[in-house]
file upload_33.txt (compact mmCIF, C-alpha atoms)
# COMPACT_ATOMS: atom_id res chain seq x y z
CA MET X 1184 28.65 -28.31 3.06
CA ASP X 1185 31.28 -27.87 0.37
CA LYS X 1186 32.98 -30.64 -1.55
CA PHE X 1187 36.28 -30.14 0.24
CA SER X 1188 34.72 -30.93 3.65
CA VAL X 1189 33.27 -34.17 2.33
CA TYR X 1190 36.58 -35.20 0.86
CA ALA X 1191 38.90 -34.04 3.62
CA ALA X 1192 37.27 -35.60 6.68
CA ARG X 1193 39.29 -38.77 6.21
CA LEU X 1194 42.58 -36.86 6.20
CA VAL X 1195 42.07 -35.72 9.79
CA GLU X 1196 44.17 -37.19 12.61
CA LYS X 1197 42.75 -40.58 13.66
CA GLY X 1198 43.90 -40.58 17.29
CA GLU X 1199 41.35 -39.63 19.95
CA TYR X 1200 42.75 -37.67 22.91
CA PHE X 1201 39.33 -36.91 24.36
CA ALA X 1202 37.90 -40.38 24.80
CA SER X 1203 34.36 -41.69 24.44
CA GLY X 1204 32.40 -42.24 27.61
CA HIS X 1205 32.47 -38.62 28.75
CA ARG X 1206 29.17 -37.41 30.21
CA ALA X 1207 28.39 -34.41 27.99
CA CYS X 1208 24.75 -33.91 26.99
CA GLN X 1209 23.49 -35.32 23.71
CA GLY X 1210 24.68 -33.24 20.79
CA CYS X 1211 27.15 -31.15 22.82
CA ALA X 1212 29.16 -29.09 20.35
CA GLU X 1213 31.54 -28.09 23.14
CA ALA X 1214 32.62 -31.73 23.55
CA LEU X 1215 33.11 -31.80 19.78
CA ALA X 1216 35.22 -28.65 20.01
CA VAL X 1217 37.43 -30.22 22.70
CA ARG X 1218 37.80 -33.36 20.61
CA LEU X 1219 38.85 -31.39 17.52
CA VAL X 1220 41.22 -29.13 19.49
CA MET X 1221 42.93 -32.18 20.98
CA LYS X 1222 43.17 -33.82 17.55
CA ALA X 1223 44.96 -30.72 16.27
CA LEU X 1224 47.32 -30.48 19.27
CA GLY X 1225 48.31 -34.13 19.42
CA ARG X 1226 49.99 -36.11 22.20
CA ASP X 1227 52.64 -33.71 23.46
CA THR X 1228 50.22 -31.51 25.30
CA ILE X 1229 49.60 -30.50 28.91
CA VAL X 1230 46.13 -29.18 29.72
CA ALA X 1231 44.97 -27.13 32.70
CA MET X 1232 41.23 -26.80 32.80
CA ALA X 1233 39.08 -24.44 34.78
CA THR X 1234 35.87 -25.66 36.37
CA GLY X 1235 33.01 -25.82 33.92
CA CYS X 1236 31.00 -28.14 31.71
CA MET X 1237 33.97 -29.81 30.06
CA GLU X 1238 35.78 -30.39 33.34
CA ILE X 1239 32.69 -31.91 34.98
CA VAL X 1240 31.79 -34.21 32.10
CA SER X 1241 35.31 -35.44 31.41
CA SER X 1242 36.54 -36.33 34.88
CA PRO X 1243 34.05 -37.81 37.35
CA LEU X 1244 36.11 -40.08 39.63
CA PRO X 1245 37.39 -42.73 39.06
CA THR X 1246 37.38 -42.13 35.31
CA THR X 1247 38.91 -39.57 32.98
CA ALA X 1248 38.28 -38.94 29.31
CA TRP X 1249 41.72 -37.38 28.79
CA GLU X 1250 44.60 -39.13 27.06
CA VAL X 1251 47.08 -36.37 27.92
CA PRO X 1252 48.35 -34.94 31.25
CA TRP X 1253 45.45 -32.90 32.55
CA ILE X 1254 44.88 -30.93 35.72
CA HIS X 1255 41.64 -29.55 37.05
CA VAL X 1256 42.00 -26.22 38.81
CA ALA X 1257 39.58 -23.74 40.31
CA PHE X 1258 37.41 -21.47 38.22
CA GLU X 1259 39.80 -18.53 38.15
CA ASN X 1260 43.31 -19.88 37.77
CA ALA X 1261 43.64 -22.15 34.74
CA SER X 1262 45.87 -19.61 33.00
CA ALA X 1263 47.98 -19.06 36.15
CA VAL X 1264 48.54 -22.82 36.61
CA ILE X 1265 49.49 -23.45 32.98
CA THR X 1266 52.01 -20.61 33.02
CA GLY X 1267 53.52 -22.23 36.13
CA CYS X 1268 53.73 -25.57 34.29
CA GLU X 1269 55.36 -23.84 31.34
CA SER X 1270 57.98 -22.09 33.47
CA GLY X 1271 58.67 -25.25 35.46
CA MET X 1272 59.16 -27.43 32.39
CA LYS X 1273 61.36 -24.77 30.81
CA ALA X 1274 63.57 -24.66 33.89
CA MET X 1275 63.83 -28.47 34.04
CA MET X 1276 64.79 -28.63 30.37
CA ARG X 1277 67.41 -25.91 30.89
CA LYS X 1278 68.93 -27.85 33.79
CA GLY X 1279 69.01 -31.06 31.77
CA LYS X 1280 66.50 -32.92 33.93
CA LEU X 1281 64.20 -33.40 30.96
CA PRO X 1282 65.11 -33.86 27.30
CA PRO X 1283 64.33 -30.69 25.31
CA LYS X 1284 61.05 -31.09 23.48
CA LYS X 1285 58.31 -28.94 22.07
CA ILE X 1286 55.33 -29.26 24.38
CA ASN X 1287 51.98 -27.53 23.90
CA PHE X 1288 50.79 -25.87 27.09
CA VAL X 1289 47.07 -25.30 26.91
CA ALA X 1290 44.67 -23.70 29.36
CA MET X 1291 40.99 -24.27 28.74
CA GLY X 1292 37.94 -22.66 30.25
CA GLY X 1293 34.33 -21.89 29.52
CA ASP X 1294 33.01 -18.42 28.96
CA GLY X 1295 32.29 -18.00 32.68
CA ALA X 1296 35.83 -18.98 33.63
CA THR X 1297 37.24 -16.68 30.97
CA ALA X 1298 34.99 -13.64 30.77
CA ASP X 1299 33.97 -13.35 34.42
CA ILE X 1300 35.96 -15.21 37.01
CA GLY X 1301 39.35 -15.84 35.39
CA MET X 1302 39.64 -12.54 33.53
CA GLY X 1303 42.38 -11.10 35.76
CA GLN X 1304 44.57 -14.19 35.71
CA LEU X 1305 44.16 -14.55 31.95
CA SER X 1306 45.17 -10.93 31.48
CA GLY X 1307 48.21 -11.47 33.70
CA ALA X 1308 49.29 -14.59 31.83
CA LEU X 1309 48.92 -12.88 28.45
CA GLU X 1310 50.86 -9.88 29.72
CA ARG X 1311 53.77 -11.97 31.07
CA GLY X 1312 54.23 -13.50 27.61
CA HIS X 1313 54.44 -17.20 28.47
CA ASP X 1314 54.39 -19.62 25.55
CA PHE X 1315 50.92 -21.10 25.97
CA VAL X 1316 47.52 -21.28 24.31
CA TYR X 1317 44.32 -20.26 26.05
CA VAL X 1318 41.18 -21.84 24.61
CA CYS X 1319 37.82 -20.39 25.62
CA TYR X 1320 34.78 -22.55 24.90
CA ASP X 1321 31.98 -20.04 24.68
CA ASN X 1322 28.49 -21.49 25.12
CA GLU X 1323 27.16 -18.10 26.21
CA ALA X 1324 26.10 -18.89 29.81
CA TYR X 1325 27.01 -20.99 32.85
CA MET X 1326 25.44 -24.14 31.40
CA ASN X 1327 27.01 -26.57 33.85
CA THR X 1328 25.12 -25.22 36.87
CA GLY X 1329 21.85 -24.80 34.97
CA ILE X 1330 21.98 -21.89 32.52
CA GLN X 1331 22.86 -18.76 34.48
CA ARG X 1332 23.85 -15.63 32.60
CA SER X 1333 27.53 -14.77 32.16
CA SER X 1334 28.99 -11.62 30.69
CA ALA X 1335 29.33 -13.52 27.39
CA THR X 1336 25.55 -14.03 27.15
CA PRO X 1337 24.17 -12.07 24.18
CA TRP X 1338 21.51 -9.38 24.54
CA GLY X 1339 17.96 -10.72 24.78
CA ALA X 1340 18.84 -14.31 25.71
CA SER X 1341 16.63 -15.78 28.40
CA THR X 1342 18.52 -17.62 31.17
CA THR X 1343 17.50 -18.60 34.69
CA THR X 1344 19.10 -15.46 36.13
CA SER X 1345 17.95 -13.20 33.30
CA PRO X 1346 14.49 -14.65 32.65
CA ALA X 1347 12.23 -13.17 29.99
CA GLY X 1348 8.83 -11.98 31.18
CA LYS X 1349 6.46 -9.04 31.19
CA LEU X 1350 9.06 -6.58 32.45
CA SER X 1351 12.23 -8.17 31.13
CA LYS X 1352 13.59 -9.07 27.71
CA GLY X 1353 16.15 -11.46 29.10
CA GLN X 1354 19.82 -10.49 29.23
CA ARG X 1355 20.06 -6.68 29.39
CA THR X 1356 23.72 -6.19 28.47
CA GLN X 1357 25.64 -6.88 25.30
CA LYS X 1358 28.05 -9.77 24.90
CA LYS X 1359 31.57 -9.05 26.15
CA ASP X 1360 33.96 -9.02 23.19
CA LEU X 1361 36.67 -11.32 24.56
CA PRO X 1362 38.82 -11.71 21.41
CA LYS X 1363 39.14 -7.92 21.22
CA ILE X 1364 40.26 -7.82 24.87
CA ALA X 1365 42.90 -10.44 24.08
CA ILE X 1366 44.03 -8.48 21.01
CA ALA X 1367 44.42 -5.40 23.20
CA HIS X 1368 47.19 -7.26 25.08
CA ASN X 1369 49.26 -7.18 21.86
CA ILE X 1370 49.80 -10.93 21.90
CA PRO X 1371 51.02 -12.77 18.79
CA TYR X 1372 47.88 -14.69 17.90
CA VAL X 1373 44.15 -14.36 18.56
CA ALA X 1374 41.45 -16.19 16.62
CA THR X 1375 37.77 -17.08 16.73
CA ALA X 1376 36.56 -20.50 15.61
CA CYS X 1377 33.52 -22.75 15.60
CA PRO X 1378 33.36 -26.58 15.51
CA SER X 1379 30.83 -26.37 12.66
CA PHE X 1380 33.89 -25.39 10.57
CA PRO X 1381 36.25 -28.15 11.74
CA PHE X 1382 39.12 -27.58 9.31
CA ASP X 1383 39.24 -23.87 10.01
CA LEU X 1384 39.24 -24.65 13.74
CA MET X 1385 42.05 -27.19 13.56
CA GLU X 1386 44.14 -24.92 11.35
CA LYS X 1387 43.83 -22.13 13.91
CA VAL X 1388 44.70 -24.39 16.83
CA LYS X 1389 47.87 -25.53 15.03
CA LYS X 1390 48.80 -21.93 14.29
CA ALA X 1391 48.19 -20.91 17.91
CA ALA X 1392 50.41 -23.74 19.16
CA ALA X 1393 53.16 -22.89 16.67
CA VAL X 1394 53.59 -19.18 17.46
CA GLU X 1395 56.11 -18.13 20.11
CA GLY X 1396 54.32 -16.54 23.04
CA PRO X 1397 50.73 -16.48 24.21
CA ALA X 1398 47.82 -17.23 21.90
CA TYR X 1399 44.12 -16.93 22.54
CA LEU X 1400 41.36 -18.91 20.84
CA HIS X 1401 37.67 -18.15 21.22
CA ILE X 1402 35.47 -21.07 20.18
CA LEU X 1403 31.70 -20.71 19.87
CA SER X 1404 30.26 -23.97 21.22
CA VAL X 1405 26.57 -24.46 20.62
CA CYS X 1406 24.76 -25.84 23.69
CA PRO X 1407 21.50 -27.56 22.69
CA THR X 1408 20.39 -27.77 26.32
CA GLY X 1409 20.91 -24.13 27.18
CA TRP X 1410 19.97 -22.63 23.84
CA ARG X 1411 16.80 -24.73 23.75
CA ILE X 1412 17.32 -26.32 20.34
CA PRO X 1413 17.07 -29.96 19.20
CA SER X 1414 20.31 -31.87 19.78
CA GLU X 1415 20.82 -32.77 16.12
CA GLU X 1416 20.86 -29.09 15.10
CA ALA X 1417 23.92 -28.13 17.14
CA ILE X 1418 26.18 -28.05 14.09
CA LYS X 1419 23.58 -26.20 12.02
CA TYR X 1420 23.28 -23.37 14.55
CA GLY X 1421 27.04 -22.95 14.70
CA ARG X 1422 27.03 -22.60 10.94
CA LEU X 1423 24.13 -20.12 11.11
CA ALA X 1424 25.94 -18.01 13.73
CA VAL X 1425 28.85 -17.66 11.32
CA ASN X 1426 26.77 -17.18 8.16
CA THR X 1427 24.65 -14.44 9.79
CA CYS X 1428 27.84 -12.70 11.04
CA VAL X 1429 26.69 -12.93 14.67
CA PHE X 1430 29.99 -14.75 15.25
CA PRO X 1431 32.44 -13.86 12.46
CA LEU X 1432 35.48 -16.11 12.01
CA TYR X 1433 38.68 -14.10 12.01
CA GLU X 1434 42.24 -14.17 13.25
CA CYS X 1435 44.71 -11.53 14.31
CA LEU X 1436 48.36 -12.47 13.77
CA TYR X 1437 50.78 -9.88 15.22
CA GLY X 1438 48.10 -7.18 15.00
CA LYS X 1439 47.10 -7.98 11.43
CA TYR X 1440 43.42 -8.85 11.14
CA ARG X 1441 42.22 -11.39 8.60
CA LEU X 1442 38.69 -12.71 8.05
CA THR X 1443 39.17 -16.43 7.52
CA TYR X 1444 35.64 -16.98 6.25
CA ARG X 1445 33.41 -14.48 4.49
CA PRO X 1446 29.81 -15.66 4.39
CA ASN X 1447 28.29 -15.26 0.94
CA PRO X 1448 25.45 -14.37 0.99
CA ILE X 1449 25.16 -13.00 4.53
CA LEU X 1450 21.98 -14.48 5.99
CA PRO X 1451 19.55 -12.35 8.04
CA VAL X 1452 20.05 -12.66 11.82
CA ARG X 1453 16.39 -13.70 12.06
CA GLU X 1454 17.28 -17.17 10.75
CA TYR X 1455 19.73 -17.71 13.61
CA ILE X 1456 17.45 -16.26 16.32
CA GLU X 1457 14.09 -17.74 15.35
CA GLY X 1458 14.64 -21.39 16.13
CA GLN X 1459 16.24 -20.90 19.52
CA GLY X 1460 14.07 -21.22 22.63
CA ARG X 1461 16.17 -18.72 24.56
CA PHE X 1462 15.25 -15.97 22.04
CA ARG X 1463 11.66 -16.90 21.37
CA HIS X 1464 10.16 -13.94 23.32
CA LEU X 1465 11.90 -11.37 21.08
CA THR X 1466 9.68 -9.18 18.87
CA PRO X 1467 10.55 -8.34 15.23
CA GLU X 1468 11.74 -4.90 16.44
CA ASP X 1469 14.16 -6.52 18.88
CA ILE X 1470 15.52 -8.75 16.12
CA GLU X 1471 15.90 -5.67 13.92
CA ALA X 1472 17.97 -4.02 16.68
CA ILE X 1473 20.21 -7.11 16.89
CA GLN X 1474 20.53 -7.11 13.08
CA GLU X 1475 21.67 -3.46 13.05
CA ARG X 1476 24.27 -4.04 15.72
CA THR X 1477 25.54 -7.23 14.07
CA THR X 1478 25.91 -5.50 10.69
CA ALA X 1479 27.74 -2.55 12.25
CA GLU X 1480 30.14 -4.84 14.13
CA TYR X 1481 30.83 -6.91 11.03
CA GLU X 1482 31.51 -3.83 8.92
CA LYS X 1483 33.99 -2.62 11.52
CA LEU X 1484 35.74 -5.98 11.32
CA VAL X 1485 35.84 -5.94 7.52
CA LYS X 1486 37.41 -2.47 7.66
CA LEU X 1487 40.03 -3.68 10.15
CA SER X 1488 40.89 -6.66 7.97
CA GLU X 1489 41.39 -4.41 4.94
CA GLU X 1490 43.96 -2.23 6.72
CA VAL X 1491 47.53 -2.90 5.68
CA MET B 981 40.71 -49.88 34.47
CA ALA B 982 41.34 -53.21 36.03
CA ARG B 983 37.90 -53.50 37.56
CA PRO B 984 34.44 -52.34 36.50
CA MET B 985 33.57 -48.91 37.81
CA GLU B 986 30.86 -50.13 40.18
CA GLU B 987 33.35 -52.21 42.17
CA ILE B 988 35.78 -49.40 42.91
CA ARG B 989 35.53 -48.14 46.51
CA TRP B 990 36.92 -44.95 47.98
CA GLN B 991 39.83 -46.86 49.51
CA ASP B 992 41.02 -47.69 46.00
CA LEU B 993 41.46 -44.07 44.95
CA GLU B 994 44.97 -42.69 44.63
CA ILE B 995 46.29 -39.89 46.83
CA GLY B 996 45.21 -36.51 45.52
CA ALA B 997 42.39 -38.22 43.62
CA THR B 998 44.65 -38.59 40.60
CA VAL B 999 43.56 -40.90 37.81
CA SER B 1000 46.64 -42.59 36.39
CA GLU B 1001 45.02 -44.47 33.52
CA PRO B 1002 44.41 -42.26 30.49
CA GLY B 1003 41.08 -42.43 28.71
CA CYS B 1004 39.50 -44.81 31.23
CA SER B 1005 36.10 -43.15 30.77
CA ARG B 1006 35.70 -45.76 28.03
CA GLU B 1007 34.70 -48.06 30.88
CA TYR B 1008 31.55 -46.00 31.29
CA LYS B 1009 29.09 -46.88 28.57
CA THR B 1010 26.95 -43.88 27.65
CA GLY B 1011 24.97 -45.92 25.13
CA SER B 1012 22.22 -46.49 27.69
CA TRP B 1013 21.23 -42.80 27.42
CA ARG B 1014 20.03 -43.30 23.88
CA SER B 1015 16.42 -43.19 22.73
CA LEU B 1016 17.15 -43.00 18.99
CA ARG B 1017 19.57 -45.29 17.19
CA PRO B 1018 21.47 -44.31 14.01
CA VAL B 1019 21.12 -46.85 11.21
CA VAL B 1020 23.48 -46.57 8.24
CA ASP B 1021 22.40 -47.61 4.76
CA GLY B 1022 25.58 -49.25 3.49
CA GLU B 1023 24.43 -49.05 -0.13
CA GLN B 1024 24.21 -45.26 -0.10
CA CYS B 1025 27.22 -44.54 2.16
CA ILE B 1026 30.05 -42.87 0.22
CA ARG B 1027 32.54 -43.51 3.07
CA CYS B 1028 33.48 -39.84 3.40
CA GLY B 1029 33.74 -39.78 7.20
CA VAL B 1030 31.79 -36.58 7.83
CA CYS B 1031 29.69 -38.38 10.49
CA TRP B 1032 32.88 -39.47 12.22
CA LEU B 1033 34.28 -35.94 12.16
CA TYR B 1034 31.17 -34.32 13.66
CA CYS B 1035 30.40 -36.92 16.36
CA PRO B 1036 30.86 -35.23 19.77
CA ASP B 1037 31.30 -38.61 21.47
CA ALA B 1038 33.86 -40.11 19.10
CA ALA B 1039 31.36 -42.97 18.85
CA ILE B 1040 31.70 -43.72 15.15
CA ASP B 1041 34.12 -46.42 14.03
CA ARG B 1042 35.42 -47.27 10.62
CA SER B 1043 35.02 -50.89 9.71
CA GLU B 1044 37.53 -52.85 7.63
CA ASP B 1045 35.66 -52.33 4.37
CA GLY B 1046 35.74 -48.55 4.91
CA HIS B 1047 32.15 -48.02 6.03
CA PHE B 1048 31.37 -46.01 9.12
CA GLN B 1049 29.23 -47.50 11.88
CA ALA B 1050 28.05 -46.05 15.19
CA ASP B 1051 29.54 -47.68 18.28
CA LEU B 1052 26.36 -48.34 20.22
CA ASP B 1053 28.28 -48.65 23.51
CA TYR B 1054 28.86 -44.88 23.48
CA CYS B 1055 26.38 -43.37 20.98
CA LYS B 1056 24.02 -41.05 22.88
CA GLY B 1057 21.66 -40.76 19.92
CA CYS B 1058 21.94 -37.01 19.36
CA GLY B 1059 21.29 -37.32 15.62
CA ILE B 1060 24.10 -35.02 14.44
CA CYS B 1061 25.45 -37.73 12.10
CA ALA B 1062 22.05 -38.20 10.44
CA ARG B 1063 21.64 -34.45 10.04
CA GLU B 1064 25.13 -33.79 8.65
CA CYS B 1065 25.51 -36.81 6.34
CA PRO B 1066 25.97 -35.30 2.85
CA VAL B 1067 24.06 -38.14 1.12
CA GLY B 1068 21.50 -38.67 3.88
CA CYS B 1069 22.22 -42.36 4.35
CA ILE B 1070 21.77 -42.33 8.15
CA THR B 1071 18.30 -42.55 9.67
CA MET B 1072 17.42 -42.34 13.36
CA GLU B 1073 15.20 -45.20 14.50
CA ILE B 1074 13.42 -45.48 17.81
CA GLU B 1075 15.30 -47.72 20.22
CA GLU B 1076 13.18 -50.59 21.45
CA SER B 1077 13.78 -51.04 25.17
call {"tool": "encode", "arguments": {"input": "upload_33.txt", "output": "structure tokens"}}
result
Amino acid sequence: MDKFSVYAARLVEKGEYFASGHRACQGCAEALAVRLVMKALGRDTIVAMATGCMEIVSSPLPTTAWEVPWIHVAFENASAVITGCESGMKAMMRKGKLPPKKINFVAMGGDGATADIGMGQLSGALERGHDFVYVCYDNEAYMNTGIQRSSATPWGASTTTSPAGKLSKGQRTQKKDLPKIAIAHNIPYVATACPSFPFDLMEKVKKAAAVEGPAYLHILSVCPTGWRIPSEEAIKYGRLAVNTCVFPLYECLYGKYRLTYRPNPILPVREYIEGQGRFRHLTPEDIEAIQERTTAEYEKLVKLSEEV
Amino acid sequence: MARPMEEIRWQDLEIGATVSEPGCSREYKTGSWRSLRPVVDGEQCIRCGVCWLYCPDAAIDRSEDGHFQADLDYCKGCGICARECPVGCITMEIEES
């Protein structure tokens, strides 16, 4: 931890818009990510949330953890609903039924709701150019229903539907690169973030809310339950994912890439993989293969960020 | 919430199952999940607030003298605060029934 983080924690917004008493597991970094995102967005926000961990834990009847207008929608249509809200509010402001005001429209979903089930609607919403932010909380599987693989699960991870055994090494496919898909829509702002780097995350959320037009945020949220790690190490593994370049932090503003954090030194991927129960069946050769791929991907990204 | 959660019946729910009171999950105390309790050493604490920033449950309060204390009504005992504290002034102690 650097000196700035120790000093700056007290400068962060004091208001809580994601209240205590939600039912997330112990040490859930996804709940922390929601809390930090809401701190950065503030009160004037409308949230549509797809089904998933954060929807389940925040809103069992008759309670809600949300301090802002919030709607739960089906798995696939969070982005469709929020674009409807945006258009509706815009029309009401134009007709003078509501005072004109800057409101943040935010759709949230897990990696399942974003990468698998809601992909089409997300693509449509980004293409139509509504002024909204889509936040994807990526915990790399369907954790809410008991750790089933999604297309955002990394290669080699053992889940209940991609179990590791004699004939299987766990997940057989590579992780779907969602931020790159969002960038391919030529939208104003795309960024990756991790709650282990809270200031970087909040900065990006504010930027995403400020740009005109759609913005996409991809947040790696460590899941102690699904990744099979101790609950107190959730923040540490987020930091390791970034420092080993498995999950590089970057942003793409109007097509211009920028790495917002360059790990120095870059740690070997082994350090990130070794402690996690979902990767414990991997042999040194498998880890070497992951290392090669990670390095190649990171070098590509560095090259992109150096283009003018 | 006007009444404790246990007393609310299905007849009391609003149409469309809307919840009109923001942040009423505070009525639900998650502190009973805990098996480890964070204990802060006030002497060592530098009052930086890193524990407060990293708490997923927003269960750390700042007292009047500037020290940070876990709100045991909501603290689930995950241990992130103890792990992330830059001076290591938080220890996790076993909760006695």
call {"tool": "closest_residue", "arguments": {"input": "upload_33.txt", "among": "B:Gly1011, B:Pro1066, B:Gly1059, B:Gly996", "to": "Val1030 (chain B)", "atoms": "all atoms listed in the file"}}
result
B:Pro1066
call {"tool": "interface_residues", "arguments": {"input": "upload_33.txt", "of": "chain B", "to": "chain X", "cutoff": "8 Å", "atoms": "all atoms listed in the file", "output": "PyMOL selection string"}}
result
chain B and resi 985+988+993+997+999+1001-1010+1028-1030+1033-1039+1054+1056-1064+1066
call {"tool": "residues_around", "arguments": {"input": "upload_33.txt", "residues": "Lys1273 (chain X)", "least_positions_apart": "2", "cutoff": "12 Å", "atoms": "all atoms listed in the file", "output": "CSV table (one decimal) with C-alpha atoms, in the frame of the given file"}}
result
chain,number,residue,atom,x,y,z
X,1266,THR,CA,52.0,-20.6,33.0
X,1267,GLY,CA,53.5,-22.2,36.1
X,1268,CYS,CA,53.7,-25.6,34.3
X,1269,GLU,CA,55.4,-23.8,31.3
X,1270,SER,CA,58.0,-22.1,33.5
X,1271,GLY,CA,58.7,-25.2,35.5
X,1275,MET,CA,63.8,-28.5,34.0
X,1276,MET,CA,64.8,-28.6,30.4
X,1277,ARG,CA,67.4,-25.9,30.9
X,1278,LYS,CA,68.9,-27.8,33.8
X,1279,GLY,CA,69.0,-31.1,31.8
X,1280,LYS,CA,66.5,-32.9,33.9
X,1281,LEU,CA,64.2,-33.4,31.0
X,1282,PRO,CA,65.1,-33.9,27.3
X,1283,PRO,CA,64.3,-30.7,25.3
X,1284,LYS,CA,61.0,-31.1,23.5
X,1285,LYS,CA,58.3,-28.9,22.1
X,1286,ILE,CA,55.3,-29.3,24.4
X,1287,ASN,CA,52.0,-27.5,23.9
X,1288,PHE,CA,50.8,-25.9,27.1
X,1313,HIS,CA,54.4,-17.2,28.5
X,1314,ASP,CA,54.4,-19.6,25.6
call {"tool": "closest_residue", "arguments": {"input": "upload_33.txt", "among": "X:Ser1488, X:Thr1427, X:Arg1411, X:Asp1469", "to": "Lys1439 (chain X)", "atoms": "all atoms listed in the file"}}
result
X:Ser1488
call {"tool": "atom_distance", "arguments": {"input": "upload_33.txt", "atom1": "CA of Glu1259 (chain X)", "atom2": "CA of Ile1402 (chain X)"}}
result
18.7 Å
call {"tool": "closest_residue", "arguments": {"input": "upload_33.txt", "among": "X:Ile1449, X:Ala1263, X:Leu1436, X:Val1289", "to": "Ile1229 (chain X)", "atoms": "all atoms listed in the file"}}
result
X:Val1289
call {"tool": "closest_residue", "arguments": {"input": "upload_33.txt", "among": "X:Gly1329, X:Gly1339, X:Gly1292, X:Gly1225", "to": "Thr1466 (chain X)", "atoms": "only C-alpha atoms"}}
result
X:Gly1339
call {"tool": "closest_residue", "arguments": {"input": "upload_33.txt", "among": "X:Ala1365, X:Ile1470, X:Leu1442, X:Ala1233", "to": "Gly1301 (chain X)", "atoms": "all atoms listed in the file"}}
result
X:Ala1233
call {"tool": "axis_aligned_box", "arguments": {"input": "upload_33.txt", "around": "region 1313-1330 of chain X", "padding_each_side": "3 Å", "output": "AutoDock Vina command-line options"}}
result
--center_x 38.1 --center_y -21.9 --center_z 30.6 --size_x 38.6 --size_y 15.4 --size_z 18.6
call {"tool": "atom_distance", "arguments": {"input": "upload_33.txt", "atom1": "CA of Tyr1455 (chain X)", "atom2": "CA of Tyr1420 (chain X)"}}
result
6.7 Å
call {"tool": "residues_around", "arguments": {"input": "upload_33.txt", "residues": "Ile1074 (chain B)", "least_positions_apart": "2", "cutoff": "8 Å", "atoms": "only C-alpha atoms", "output": "list in words"}}
result
Ser1015, Leu1016, Arg1017, Met1072 and Glu1076 of chain B
call {"tool": "residues_around", "arguments": {"input": "upload_33.txt", "residues": "His1047 (chain B)", "least_positions_apart": "4", "cutoff": "12 Å", "atoms": "all atoms listed in the file", "output": "MDAnalysis selection string"}}
result
(chainID X and resid 1193) or (chainID B and resid 1020:1032 1040:1043 1069)
call {"tool": "atom_distance", "arguments": {"input": "upload_33.txt", "atom1": "CA of Asp1299 (chain X)", "atom2": "CA of Ile1364 (chain X)"}}
result
12.7 Å
call {"tool": "residues_around", "arguments": {"input": "upload_33.txt", "residues": "Asn1369 (chain X)", "least_positions_apart": "5", "cutoff": "9 Å", "atoms": "only C-alpha atoms", "output": "list of chain:residue names"}}
result
X:Leu1309, X:Glu1310, X:Tyr1437, X:Gly1438
call {"tool": "closest_residue", "arguments": {"input": "upload_33.txt", "among": "X:Arg1445, X:Ser1345, X:Met1232, X:Met1272", "to": "Ala1290 (chain X)", "atoms": "all atoms listed in the file"}}
result
X:Met1232
call {"tool": "decode", "arguments": {"input": "upload_33.txt", "residues": "region 1298-1312 of chain X", "atoms": "C-alpha atoms", "output": "short mmCIF file (atom, residue, chain, number, x, y, z; two decimals), in the first residue's frame"}}
result
data_model
loop_
_atom_site.label_atom_id
_atom_site.label_comp_id
_atom_site.auth_asym_id
_atom_site.auth_seq_id
_atom_site.Cartn_x
_atom_site.Cartn_y
_atom_site.Cartn_z
CA ALA X 1298 -21.01 -11.86 -21.00
CA ASP X 1299 -23.62 -14.56 -21.57
CA ILE X 1300 -27.26 -13.68 -21.14
CA GLY X 1301 -27.42 -9.90 -21.57
CA MET X 1302 -24.80 -9.59 -24.30
CA GLY X 1303 -27.27 -8.74 -27.08
CA GLN X 1304 -29.16 -6.10 -25.12
CA LEU X 1305 -25.92 -4.53 -23.92
CA SER X 1306 -24.65 -4.37 -27.49
CA GLY X 1307 -27.92 -2.77 -28.59
CA ALA X 1308 -27.84 -0.17 -25.83
CA LEU X 1309 -24.22 0.74 -26.58
CA GLU X 1310 -25.01 0.98 -30.28
CA ARG X 1311 -28.03 3.29 -29.76
CA GLY X 1312 -25.79 5.74 -27.90
#
